[in-house]
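Visitor: The following block contains the structure, expressed as structure tokens.
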Amino acid sequence: MKIEGNRAHIFHIPCSEADMLYSIFIDLIDGHIKTDIVSRDIRVLIKTAGFASEYHEEITVSSAAGFTVSGENGSWQSDAGEKQIFTADSATFGSDGVLYLKAADGQFEISGLQRARASETYEGRLEIRRTDEGLLLINELPLEQYLCGVVPSEMPSSYPAEALKAQAVCARTYAAKRMQERNASAFFADVDDSVSYQVYNNIKNNERTDQAVSETKGKVLMRDGDLIDALYYSTSCGIQLSDNPSDEAVFCSLLSTRDEKAYEKEEPWYRWSVSFSLEELTELVKTGWQEDFGAVTGMEVVSREPSGVIAALKISGEGGEFQVEGEYTIRKLLQTRNSPVTLQDGSTAPNLGMLPSAFFYLTPNYEKEVLTGYTLTGGGYGHGKGMSQNGAKHMADAGHKCADILRYYYAE
């Protein structure tokens with residue numbers, strides 16, 4: 001991307017040019033990306049019911065048009081609409097433990113996955129692998145087809161078209177980079193279908209989300225000839241790197257005020273708070289971390305990343321002290337099982353399973369000068385890296401185009 005004042009020019013530029021600082025919307029098929037990314041389909045590991053595990057005990061498959069099963073022991077046909085149940089003991093597996101399924105109409109029904117959509121229909125081909133831990137189920141299909149199952153699962157289809165297009169570009173870039181890096185190769189896949197990567201096929205695709213994928217076909221985000229890591233998340237807290245939020249006093253001041261210029265300032269998750277008693281913190285530490293730690297007596301922010309997110313949190317108690325490092329780990333420790341989070345609109349969100357974000361500061365609570373716990377004042381929802389999806393929505397509502405949104409969140 002070439003930036004002149006407030007204008008961004010989108011163009012194709014060969015990656016060999018040394019002066020390329022940032023290029024956006026580079027077409028996958030123009031030869032700028034290694035050919036192994038586009039010469040094969042994406043492989044998606046389909047997890048069990050509710051995304052609980054990678055390994056299935058049994059897999060039930062059918063197809064309205066029928067499908068062929070092939071493997072080391074030969075091939076056979078399953079009739080239209082007939083359900084086939086595969087287990088580790090199925091005689092159809094050969095010594096290599098791999099079966100390949102191809103539907104006559106390219107569509108399968110996989111029962112019992114408990115996704116949000118009413119119909120558990122999958123396009124492309126299926127592969128079932130027998131391992132010592134259980135069965136692995138892999139859905140192999142073209143990248144663009146995969147994205148039609150990702151965009152509606154990651155962003156509400158009611159969002160503005162330009163936000164949906166930005167989501168499609170992010171999702172394509174993210175997937176292409178995972179394919180390049182082969183992150184899930186331990187499971188014979190590129191990605192899985194859960195929040196560990198990108199949620200796939202949880203919400204049924206529709207005309208608006210399919211159009212967003214179609215109108216951005218082949219477009220990805222690159223910097224200096226390489227795919228960027230196009231992360232995204234739900235809602236930001238409005239803090240900018242230029243504010244130096246890694247300083248604790250600066251961060252507390254910023255989060256205590258309402259930035260009227262922030263795109264998400266009206267979103268419920270823009271600001272939130274939750275309180276933990278020392279007894280609750282003790283229980284969280286004992287159940288999730290150190291069973292014999294004893295009573296928690298204090299908590300302290302040790303350091304923040306340049307973005308302002310907490311990098312390290314110190315827990316003190318009868319068992320000494322220890323540090324919890326990394327925003328995700330901190331959020332998992334401070335689960336809100338018994339302490340509902342209060343959003344800025346006054347609503348509450350109990351039992352989140354983890355803290356909304358690690359953009360928060362601590363305020364100690366006292367009774368008669370005795371520490372009883374802490375109130376966490378925070379903002380945003382998600383890891384805070386890359387594009388804010390609700391920010392993209394509000395930018396699109398304000399008239400910004402897809403390229404404007406992506407430039408705002410990813411240009412350096």
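Numbering starts fresh at 1 for the residues of each chain in the structure tokens, the chains themselves are lettered A, B, ... in the order given, and ligands are numbered from 1 as they appear.
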Name all residues at most 8 Å from Ser277 (chain A) (count only C-alpha atoms; drop same-chain ones fewer than 3 positions away) and give them as a ChimeraX atom specification.

Guide: /A:280-281,372-374

Visitor: Which neighbours of Thr342 (chain A) fall inside 7 Å, counting only C-alpha atoms, when residues of the same chain fewer than 3 positions from it are skipped, and could you give them as a PDB file with C-alpha atoms, in the first residue's frame?

Guide:
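This is the output file around-v4.pdb:
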```pdb
ATOM      1  CA  TRP A 272     -16.463  -3.715  31.714  1.00  0.00           C
ATOM      2  CA  SER A 273     -15.671  -4.549  35.313  1.00  0.00           C
ATOM      3  CA  VAL A 274     -15.622  -7.597  37.556  1.00  0.00           C
ATOM      4  CA  GLY A 346     -25.333  -2.255  32.806  1.00  0.00           C
ATOM      5  CA  SER A 347     -25.909  -5.806  31.593  1.00  0.00           C
ATOM      6  CA  THR A 348     -24.014  -8.727  33.095  1.00  0.00           C
ATOM      7  CA  ALA A 349     -22.298 -11.721  31.541  1.00  0.00           C
TER       8      ALA A 349
END
```

Visitor: List the spatial neighbours of Val44 (chain A) as a PDB file with C-alpha atoms, in the first residue's frame - criterion: any atom at most 7 Å away, only C-alpha atoms, same-chain residues fewer than 6 positions off excluded.

Guide:
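Final file, result_3.pdb:
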```pdb
ATOM      1  CA  ILE A 138     -10.415 -33.952   7.883  1.00  0.00           C
ATOM      2  CA  ASN A 139     -12.461 -31.877   5.444  1.00  0.00           C
ATOM      3  CA  GLU A 140     -10.496 -30.988   2.297  1.00  0.00           C
ATOM      4  CA  ALA A 189      -4.339 -30.648   8.561  1.00  0.00           C
ATOM      5  CA  ASP A 190      -3.672 -26.957   8.026  1.00  0.00           C
ATOM      6  CA  VAL A 191      -6.220 -25.648  10.560  1.00  0.00           C
ATOM      7  CA  ASP A 192      -9.039 -26.939  12.718  1.00  0.00           C
ATOM      8  CA  ASP A 193     -12.610 -25.651  12.729  1.00  0.00           C
TER       9      ASP A 193
END
```

Visitor: Which residue is closest to Gly71 (chain A)? Choose from A:Gly391, A:Pro340, A:Gly94, A:Gly50 and count only C-alpha atoms.

Guide: A:Gly94

Visitor: Using only C-alpha atoms, which protein or nucleic acid residues come within 7 Å of Gln84 (chain A)? Drop anything in the same chain fewer than 4 positions from it, and give the result as a PyMOL selection string.

Guide: chain A and resi 60-62

Visitor: Emit the selected residues as a PDB file, in the first residue's frame, including N, CA and C atoms.

Guide:
```
ATOM      1  N   THR A  60     -20.315 -40.431  12.028  1.00  0.00           N
ATOM      2  CA  THR A  60     -21.483 -40.839  11.251  1.00  0.00           C
ATOM      3  C   THR A  60     -21.631 -39.906  10.056  1.00  0.00           C
ATOM      4  N   VAL A  61     -21.606 -40.487   8.858  1.00  0.00           N
ATOM      5  CA  VAL A  61     -21.594 -39.715   7.614  1.00  0.00           C
ATOM      6  C   VAL A  61     -22.686 -40.209   6.682  1.00  0.00           C
ATOM      7  N   SER A  62     -23.320 -39.271   5.981  1.00  0.00           N
ATOM      8  CA  SER A  62     -24.265 -39.615   4.918  1.00  0.00           C
ATOM      9  C   SER A  62     -24.184 -38.554   3.834  1.00  0.00           C
TER      10      SER A  62
END
```

Visitor: Rounded to one decimal place, report the CA of Ala175 (chain A)-CA of Asp96 (chain A) distance in Å.

Guide: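 If I compute the distance from CA of Ala175 (chain A) to CA of Asp96 (chain A), I get 28.4 Å.
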
Visitor: So that I can see what lies close to Ala118 (chain A), please list as a list in words the residues with an atom at most 9 Å from it, counting only C-alpha atoms and leaving out residues fewer than 3 positions away in the same chain.

Guide: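 Contacts, with the query itself left out: Gln114, Arg115, Ile203 and Lys204 of chain A.
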
Visitor: Of the candidates A:Ile228, A:Leu254, A:Ala312, A:Ala161, which shows the shortest atom-to-atom distance to Lys401 (chain A), using only C-alpha atoms?

Guide: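 Ranked by minimum distance to Lys401 (chain A), first place goes to A:Ala161.
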
Visitor: Using only C-alpha atoms for the distances, tell me which of A:Asn365, A:Ser70, A:Gln323, A:Thr131 is nearest to Leu101 (chain A).

Guide: A:Ser70
